[in-house]
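**Q** Data file my_file28.cif (mmCIF, C-alpha atoms) is appended below.
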```cif
data_my_file
#
loop_
_atom_site.label_atom_id
_atom_site.label_comp_id
_atom_site.auth_asym_id
_atom_site.auth_seq_id
_atom_site.Cartn_x
_atom_site.Cartn_y
_atom_site.Cartn_z
CA GLN B 1 31.24 -8.42 9.51
CA LYS B 2 27.50 -8.24 9.75
CA TRP B 3 26.04 -5.51 7.57
CA CYS B 4 24.12 -3.89 10.43
CA LYS B 5 27.36 -3.54 12.41
CA GLU B 6 28.98 -1.95 9.38
CA VAL B 7 26.19 0.61 9.32
CA LYS B 8 26.37 1.32 13.04
CA ASN B 9 30.17 1.60 13.07
CA ILE B 10 30.23 4.41 10.52
CA THR B 11 30.91 7.76 12.17
CA HIS B 12 28.47 10.64 11.99
CA SER B 13 30.54 12.46 9.37
CA ASP B 14 30.88 9.48 7.03
CA THR B 15 28.64 8.60 4.11
CA PHE B 16 28.45 5.60 1.85
CA THR B 17 27.44 5.13 -1.76
CA MET B 18 24.27 3.22 -2.49
CA THR B 19 22.42 2.31 -5.66
CA SER B 20 19.05 3.96 -6.23
CA VAL B 21 16.32 1.32 -5.91
CA VAL B 22 13.27 3.51 -6.48
CA ASP B 23 14.13 4.78 -9.93
CA ASN B 24 15.00 2.51 -12.82
CA ASN B 25 18.18 4.48 -13.34
CA SER B 26 21.37 2.89 -12.07
CA MET B 27 22.82 6.18 -10.83
CA ASN B 28 24.71 6.19 -7.53
CA THR B 29 23.72 8.60 -4.79
CA THR B 30 25.60 9.55 -1.65
CA VAL B 31 23.28 9.31 1.35
CA SER B 32 23.92 9.93 5.03
CA ILE B 33 23.50 6.85 7.18
CA ASP B 34 22.18 8.91 10.07
CA GLU B 35 19.68 10.65 7.81
CA THR B 36 18.33 7.35 6.51
CA LEU B 37 18.01 5.85 9.98
CA ALA B 38 16.32 9.01 11.25
CA THR B 39 13.88 8.92 8.33
CA ILE B 40 12.92 5.33 9.09
CA GLU B 41 12.36 6.24 12.74
CA VAL B 42 10.13 9.17 11.78
CA MET B 43 8.14 7.03 9.36
CA ARG B 44 7.59 4.43 12.07
CA ARG B 45 6.30 7.11 14.45
CA GLN B 46 4.00 8.44 11.76
CA GLU B 47 2.37 5.09 11.05
CA ASP B 48 2.01 4.31 14.76
CA ASN B 49 0.47 7.66 15.68
CA ALA B 50 -1.23 9.40 12.75
CA TYR B 51 -1.65 6.82 10.00
CA THR B 52 -3.00 3.71 11.73
CA VAL B 53 -5.84 1.68 10.20
CA SER B 54 -8.13 -0.38 12.40
CA ASP B 55 -10.27 -3.35 11.38
CA TYR B 56 -13.29 -1.20 10.55
CA LEU B 57 -15.23 -3.94 8.73
CA SER B 58 -15.38 -5.97 11.94
CA ARG B 59 -17.45 -3.18 13.49
CA LEU B 60 -20.29 -3.66 11.01
CA PRO B 61 -23.41 -5.37 12.37
CA ALA B 62 -23.55 -9.12 11.91
CA SER B 63 -27.13 -9.10 10.57
CA VAL B 64 -27.72 -7.10 7.38
CA THR B 65 -30.42 -7.01 4.75
CA VAL B 66 -29.77 -8.72 1.44
CA GLU B 67 -31.48 -5.89 -0.43
CA ASP B 68 -29.12 -3.21 0.90
CA PRO B 69 -25.89 -4.86 2.08
CA PRO B 70 -23.07 -2.76 3.52
CA VAL B 71 -19.61 -2.54 2.01
CA ASP B 72 -17.50 -5.68 2.35
CA ALA B 73 -13.90 -6.63 1.59
CA GLN B 74 -14.77 -7.59 -1.97
CA CYS B 75 -16.00 -4.05 -2.67
CA ARG B 76 -12.59 -2.77 -1.65
CA VAL B 77 -10.87 -5.29 -3.94
CA ILE B 78 -12.91 -4.16 -6.94
CA MET B 79 -12.38 -0.45 -6.30
CA GLN B 80 -8.66 -0.85 -5.57
CA LYS B 81 -8.19 -2.58 -8.91
CA TRP B 82 -10.13 0.21 -10.60
CA CYS B 83 -7.83 2.81 -9.02
CA LYS B 84 -4.82 0.81 -10.17
CA GLU B 85 -6.15 0.69 -13.72
CA ILE B 86 -6.70 4.45 -13.77
CA ALA B 87 -3.20 5.04 -12.39
CA GLN B 88 -1.65 2.80 -15.03
CA TYR B 89 -3.54 4.52 -17.85
CA CYS B 90 -2.59 8.00 -16.62
CA GLY B 91 1.02 7.08 -15.86
CA TYR B 92 0.74 7.73 -12.14
CA ASN B 93 3.18 6.30 -9.62
CA THR B 94 1.98 2.98 -8.22
CA GLU B 95 2.42 4.40 -4.71
CA THR B 96 -0.26 6.98 -5.50
CA VAL B 97 -2.84 4.19 -5.37
CA ASP B 98 -1.37 2.89 -2.11
CA ILE B 99 -1.66 6.36 -0.58
CA ALA B 100 -5.21 6.79 -1.87
CA MET B 101 -6.34 3.47 -0.41
CA ASN B 102 -4.65 4.23 2.91
CA CYS B 103 -6.49 7.56 3.07
CA LEU B 104 -9.73 5.77 2.21
CA ASP B 105 -9.20 3.10 4.89
CA ARG B 106 -8.38 5.70 7.54
CA PHE B 107 -11.46 7.67 6.53
CA MET B 108 -13.57 4.54 7.03
CA CYS B 109 -12.15 4.33 10.57
CA THR B 110 -13.56 7.76 11.46
CA THR B 111 -17.10 8.40 12.67
CA ASP B 112 -18.02 10.24 9.49
CA GLY B 113 -16.36 7.74 7.19
CA PHE B 114 -17.85 4.70 8.92
CA SER B 115 -21.34 5.81 7.92
CA VAL B 116 -20.26 5.50 4.28
CA LEU B 117 -19.91 1.73 4.72
CA PHE B 118 -23.70 1.41 4.83
CA ASP B 119 -24.12 2.92 1.36
CA ARG B 120 -22.18 1.30 -1.47
CA SER B 121 -22.82 4.21 -3.79
CA GLN B 122 -21.27 6.57 -1.26
CA TYR B 123 -18.36 4.16 -0.85
CA GLN B 124 -17.78 4.27 -4.59
CA LEU B 125 -17.73 8.07 -4.36
CA ALA B 126 -15.33 7.96 -1.40
CA VAL B 127 -12.85 5.73 -3.27
CA MET B 128 -12.94 7.93 -6.36
CA THR B 129 -12.51 11.03 -4.20
CA ALA B 130 -9.57 9.51 -2.34
CA LEU B 131 -7.81 8.90 -5.66
CA TYR B 132 -8.79 12.36 -6.95
CA THR B 133 -7.37 14.08 -3.86
CA THR B 134 -4.23 11.96 -3.71
CA VAL B 135 -3.46 12.66 -7.36
CA LYS B 136 -3.89 16.37 -6.68
CA ILE B 137 -1.30 16.20 -3.90
CA HIS B 138 1.22 13.65 -5.16
CA GLU B 139 1.13 13.87 -8.97
CA HIS B 140 2.15 16.63 -11.36
CA GLU B 141 -1.32 17.12 -12.83
CA ALA B 142 -4.65 17.09 -11.02
CA MET B 143 -7.79 15.29 -12.19
CA ASP B 144 -10.76 17.45 -13.12
CA PRO B 145 -13.82 16.82 -10.89
CA GLN B 146 -15.92 16.50 -14.05
CA LEU B 147 -13.68 13.66 -15.24
CA VAL B 148 -14.16 11.86 -11.92
CA ALA B 149 -17.91 12.36 -12.24
CA ASN B 150 -17.86 10.96 -15.78
CA LEU B 151 -15.97 7.90 -14.58
CA SER B 152 -18.79 7.23 -12.12
CA GLN B 153 -21.11 6.67 -15.12
CA GLY B 154 -23.41 9.45 -13.99
CA ALA B 155 -23.76 8.23 -10.41
CA HIS B 156 -22.02 11.27 -8.92
CA SER B 157 -21.67 14.94 -9.84
CA PRO B 158 -18.51 17.09 -9.70
CA GLN B 159 -20.07 18.88 -6.72
CA ALA B 160 -20.50 15.55 -4.92
CA VAL B 161 -16.82 14.74 -5.48
CA GLU B 162 -15.73 18.08 -4.05
CA ALA B 163 -18.11 17.75 -1.10
CA MET B 164 -16.76 14.28 -0.30
CA GLU B 165 -13.24 15.67 -0.51
CA VAL B 166 -14.05 18.27 2.14
CA ARG B 167 -15.51 15.55 4.39
CA MET B 168 -12.51 13.29 3.91
CA LEU B 169 -9.88 15.96 4.51
CA GLY B 170 -11.69 17.14 7.61
CA ALA B 171 -12.06 13.64 9.05
CA LEU B 172 -8.39 12.86 8.35
CA GLN B 173 -7.26 16.25 9.66
CA TRP B 174 -5.51 16.81 6.33
CA ARG B 175 -3.10 13.93 6.90
CA MET B 176 -2.60 12.76 3.32
CA ASN B 177 1.06 11.69 3.32
CA PRO B 178 1.24 8.21 4.86
CA PRO B 179 4.51 6.28 4.70
CA THR B 180 4.03 3.58 2.07
CA PRO B 181 5.43 0.05 2.18
CA MET B 182 7.71 0.81 -0.77
CA SER B 183 9.10 3.89 0.97
CA PHE B 184 10.20 1.65 3.85
CA VAL B 185 11.73 -0.84 1.41
CA SER B 186 13.65 1.92 -0.32
CA LYS B 187 15.10 3.32 2.89
CA ILE B 188 16.08 -0.10 4.23
CA LEU B 189 17.84 -1.07 1.01
CA ASP B 190 19.67 2.25 1.10
CA LEU B 191 21.48 0.89 4.15
CA VAL B 192 22.73 -2.26 2.42
CA PRO B 193 26.25 -1.79 1.04
CA ASN B 194 26.81 -2.72 -2.59
CA HIS B 195 29.36 -5.41 -1.78
CA LEU B 196 26.63 -7.35 0.09
CA MET B 197 24.07 -6.99 -2.69
CA ASN B 198 25.15 -6.53 -6.29
CA GLY B 199 23.13 -4.56 -8.81
CA ASP B 200 21.37 -7.54 -10.40
CA GLU B 201 20.43 -9.01 -7.03
CA ARG B 202 19.22 -5.65 -5.80
CA GLN B 203 16.97 -5.14 -8.79
CA ALA B 204 15.60 -8.69 -8.56
CA ILE B 205 14.86 -8.17 -4.86
CA VAL B 206 13.10 -4.88 -5.59
CA ASP B 207 11.01 -6.47 -8.35
CA LEU B 208 9.97 -9.43 -6.20
CA THR B 209 9.20 -7.14 -3.27
CA LYS B 210 7.04 -4.89 -5.45
CA PHE B 211 5.18 -7.91 -6.77
CA GLN B 212 4.31 -9.03 -3.26
CA LEU B 213 3.29 -5.53 -2.24
CA GLU B 214 0.98 -5.18 -5.24
CA LEU B 215 -0.78 -8.38 -4.23
CA ALA B 216 -0.92 -7.31 -0.59
CA MET B 217 -2.43 -3.90 -1.36
CA GLU B 218 -5.39 -5.58 -3.04
CA THR B 219 -6.55 -7.32 0.12
CA TYR B 220 -8.29 -5.93 3.16
CA GLN B 221 -6.30 -8.11 5.56
CA PHE B 222 -3.02 -6.45 4.61
CA SER B 223 -4.53 -2.95 4.44
CA ILE B 224 -5.06 -2.86 8.20
CA MET B 225 -1.45 -3.85 8.91
CA PRO B 226 1.35 -1.30 9.43
CA ALA B 227 3.12 -0.42 6.19
CA SER B 228 6.47 -1.23 7.76
CA SER B 229 5.40 -4.79 8.62
CA ILE B 230 4.19 -5.50 5.08
CA ALA B 231 7.31 -3.88 3.63
CA ILE B 232 9.77 -5.80 5.78
CA ALA B 233 7.93 -9.11 5.37
CA SER B 234 7.94 -8.71 1.57
CA LEU B 235 11.58 -7.65 1.57
CA LEU B 236 12.65 -10.57 3.76
CA ASN B 237 10.88 -13.01 1.45
CA ALA B 238 12.59 -11.47 -1.56
CA VAL B 239 16.06 -11.44 0.00
CA GLU B 240 15.66 -15.04 1.13
CA SER B 241 14.63 -16.06 -2.40
CA VAL B 242 17.23 -14.08 -4.36
CA SER B 243 20.39 -13.48 -2.34
CA THR B 244 23.20 -16.02 -2.59
CA ASN B 245 25.01 -14.61 0.45
CA THR B 246 24.00 -17.09 3.17
CA ALA B 247 25.56 -15.12 6.01
CA PHE B 248 23.85 -11.92 4.89
CA VAL B 249 20.45 -13.61 4.58
CA LYS B 250 20.77 -15.07 8.08
CA ASP B 251 21.66 -11.71 9.59
CA PHE B 252 19.25 -9.60 7.52
CA GLU B 253 15.98 -10.39 9.32
CA PRO B 254 17.03 -9.65 12.94
CA SER B 255 19.04 -6.63 11.82
CA VAL B 256 16.21 -5.04 9.84
CA CYS B 257 13.66 -5.72 12.56
CA GLN B 258 15.97 -4.13 15.10
CA LEU B 259 16.59 -1.05 12.96
CA ALA B 260 12.87 -0.57 12.24
CA ASN B 261 11.75 -1.64 15.73
CA VAL B 262 9.50 -4.38 14.36
CA ASP B 263 8.71 -7.65 16.13
CA THR B 264 10.34 -10.57 14.29
CA THR B 265 7.86 -13.14 15.60
CA ALA B 266 4.85 -11.13 14.45
CA LEU B 267 6.24 -10.98 10.91
CA ARG B 268 6.25 -14.73 10.41
CA SER B 269 2.52 -15.04 9.74
CA VAL B 270 2.69 -12.00 7.45
CA ARG B 271 5.49 -13.61 5.45
CA ILE B 272 3.54 -16.86 5.15
CA ASN B 273 0.45 -15.00 3.95
CA LEU B 274 2.53 -13.19 1.35
CA TYR B 275 4.02 -16.48 0.13
CA GLU B 276 0.49 -17.88 -0.16
CA SER B 277 -0.59 -14.83 -2.16
CA ILE B 278 2.27 -15.36 -4.60
CA ASN B 279 1.24 -18.97 -5.06
CA GLY B 280 -2.37 -18.02 -5.70
CA VAL B 281 -3.61 -19.35 -2.37
CA GLU B 282 -6.03 -17.28 -0.34
CA PRO B 283 -4.05 -16.17 2.74
CA MET B 284 -5.04 -17.79 6.00
CA ASP B 285 -7.20 -15.67 8.30
CA MET B 286 -8.62 -13.93 5.23
CA GLN B 287 -12.38 -13.58 5.51
CA PHE B 288 -13.97 -12.46 2.24
CA THR B 289 -17.68 -12.53 1.54
CA ALA B 290 -17.00 -13.74 -1.99
CA ASP B 291 -14.91 -16.72 -3.02
CA VAL B 292 -12.27 -16.82 -5.76
CA GLU B 293 -14.81 -17.72 -8.43
CA ASP B 294 -16.97 -14.72 -7.50
CA THR B 295 -13.90 -12.45 -7.74
CA THR B 296 -13.19 -13.67 -11.26
CA VAL B 297 -16.77 -13.00 -12.33
CA SER B 298 -16.70 -9.51 -10.84
CA GLU B 299 -13.44 -8.72 -12.62
CA ALA B 300 -14.85 -9.97 -15.91
CA LYS B 301 -17.93 -7.76 -15.56
CA PHE B 302 -15.69 -4.87 -14.57
CA SER B 303 -13.52 -5.28 -17.69
CA GLU B 304 -16.54 -5.54 -19.97
CA THR B 305 -17.84 -2.15 -18.82
CA ASN B 306 -14.52 -0.33 -19.24
CA HIS B 307 -13.84 2.07 -22.06
CA GLU B 308 -10.52 3.70 -22.98
CA VAL B 309 -10.35 5.07 -19.46
CA GLY B 310 -11.93 2.62 -17.05
CA THR B 311 -15.26 3.80 -15.69
CA SER B 312 -15.84 3.12 -12.03
CA PRO B 313 -17.36 -0.36 -11.52
CA ARG B 314 -21.06 -0.14 -10.79
CA SER B 315 -21.02 -3.51 -9.00
CA VAL B 316 -20.18 -1.88 -5.67
CA SER B 317 -23.28 0.28 -5.80
CA ILE B 318 -25.77 -2.37 -6.90
#
```
Would you encode the structure as structure tokens?

**A**
Amino acid sequence: QKWCKEVKNITHSDTFTMTSVVDNNSMNTTVSIDETLATIEVMRRQEDNAYTVSDYLSRLPASVTVEDPPVDAQCRVIMQKWCKEIAQYCGYNTETVDIAMNCLDRFMCTTDGFSVLFDRSQYQLAVMTALYTTVKIHEHEAMDPQLVANLSQGAHSPQAVEAMEVRMLGALQWRMNPPTPMSFVSKILDLVPNHLMNGDERQAIVDLTKFQLELAMETYQFSIMPASSIAIASLLNAVESVSTNTAFVKDFEPSVCQLANVDTTALRSVRINLYESINGVEPMDMQFTADVEDTTVSEAKFSETNHEVGTSPRSVSI
């Protein structure tokens, strides 16, 4: 039987045992099928209604001055990697950075946030504030505003961080809990019975999916896509690469897309772009102002200026 039919044929009172794929522990948890499906449906509504990200960089004027250029996709790459480094040093969940960058991107889509794109110093402040606020909400310990100010190498004060936080929260209407790609992956895998995906395969699929998502979250092109699309595309690539169950692999894509109400055809280009990212090829349709060589140079300069805790890269404000 196809796995999606197995899920749908279970009565409302039944539950099934699944392996936890978020934690590293191999503990089994009993989860309601209906609850998982309902959660996925709610997450899809959230990203379609309250947590959408538009292509805000395309709204910038075509002609800009060389002396004072606006923010571009490369600025986002540099600051996202800085946030990731801070999260790794502090032991934060990797999804904290994803949430912070989603909040930043949505802020840039607002009238107030869009003005920040014309000032790279303010953009640096906005990124740092997005991480500061997200950590406050989603981690056990908050960051001190003075620490954030110190990380800016004197460019911003604690008061400036707090003022930017007020602006950001107001513009986002306090919506700081977006569904992340990994949360979709987790819920979808919860629906896959153990006999169709053993523990080793499951872990390998999770690892490969996370790897793709980490690469995707670094690029502007993927940041403006729905989290569910990136999640499902990454998961489909991983299942196709790892699973030895041919029948399951064939049925997985249409079944998942049906459950999550995602267009199968639209995912194909996303999957190709993710494959290209894995292979170190710049995804098609990607329009960066800097080429791969420039990215390497920027990262080298960024690393050279870091101390024990990485200070915010000044390159975005120069």

**Q** For Gln122 (chain B), which of B:Arg202, B:His138, B:His156, B:Arg106 is the closest residue, counting only C-alpha atoms?

**A**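 Closest to Gln122 (chain B), using only C-alpha atoms: B:His156.
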
**Q** Translate the PyMOL selection byres ((chain B and resi 175) around 12), as applied to the file shown, into an explicit residue set as a VMD selection string.

**A** chain B and resid 46 to 47 49 to 52 99 to 100 102 to 104 106 to 107 133 to 134 137 168 to 174 176 to 179

**Q** Put those residues in a file: C-alpha atoms, as a PDB file, in the coordinates of the input.

**A**
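Output saved as part.pdb:
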```
ATOM      1  CA  GLN B  46       4.000   8.440  11.760  1.00  0.00           C
ATOM      2  CA  GLU B  47       2.370   5.090  11.050  1.00  0.00           C
ATOM      3  CA  ASN B  49       0.470   7.660  15.680  1.00  0.00           C
ATOM      4  CA  ALA B  50      -1.230   9.400  12.750  1.00  0.00           C
ATOM      5  CA  TYR B  51      -1.650   6.820  10.000  1.00  0.00           C
ATOM      6  CA  THR B  52      -3.000   3.710  11.730  1.00  0.00           C
ATOM      7  CA  ILE B  99      -1.660   6.360  -0.580  1.00  0.00           C
ATOM      8  CA  ALA B 100      -5.210   6.790  -1.870  1.00  0.00           C
ATOM      9  CA  ASN B 102      -4.650   4.230   2.910  1.00  0.00           C
ATOM     10  CA  CYS B 103      -6.490   7.560   3.070  1.00  0.00           C
ATOM     11  CA  LEU B 104      -9.730   5.770   2.210  1.00  0.00           C
ATOM     12  CA  ARG B 106      -8.380   5.700   7.540  1.00  0.00           C
ATOM     13  CA  PHE B 107     -11.460   7.670   6.530  1.00  0.00           C
ATOM     14  CA  THR B 133      -7.370  14.080  -3.860  1.00  0.00           C
ATOM     15  CA  THR B 134      -4.230  11.960  -3.710  1.00  0.00           C
ATOM     16  CA  ILE B 137      -1.300  16.200  -3.900  1.00  0.00           C
ATOM     17  CA  MET B 168     -12.510  13.290   3.910  1.00  0.00           C
ATOM     18  CA  LEU B 169      -9.880  15.960   4.510  1.00  0.00           C
ATOM     19  CA  GLY B 170     -11.690  17.140   7.610  1.00  0.00           C
ATOM     20  CA  ALA B 171     -12.060  13.640   9.050  1.00  0.00           C
ATOM     21  CA  LEU B 172      -8.390  12.860   8.350  1.00  0.00           C
ATOM     22  CA  GLN B 173      -7.260  16.250   9.660  1.00  0.00           C
ATOM     23  CA  TRP B 174      -5.510  16.810   6.330  1.00  0.00           C
ATOM     24  CA  MET B 176      -2.600  12.760   3.320  1.00  0.00           C
ATOM     25  CA  ASN B 177       1.060  11.690   3.320  1.00  0.00           C
ATOM     26  CA  PRO B 178       1.240   8.210   4.860  1.00  0.00           C
ATOM     27  CA  PRO B 179       4.510   6.280   4.700  1.00  0.00           C
TER      28      PRO B 179
END
```

**Q** Have a look at CA of Asp190 (chain B) and CA of Ile33 (chain B) and let me know their distance in Å, one decimal.

**A** 8.5 Å

**Q** Counting all atoms listed in the file, which of B:Leu57, B:Ile272, B:Ala38, B:Met43 gets nearest to Ser223 (chain B)?

**A**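 Nearest to Ser223 (chain B): B:Leu57.
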
**Q** So which one's closest to Arg268 (chain B), B:Val249, B:Ala233, B:Phe211, B:Thr244? Using all atoms listed in the file, please.

**A** B:Ala233

**Q** Please measure the separation of CA of Glu85 (chain B) and CA of Asp112 (chain B), giving the value in Å to one decimal.

**A**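 Atom-to-atom, CA of Glu85 (chain B) and CA of Asp112 (chain B) are spaced 27.8 Å apart.
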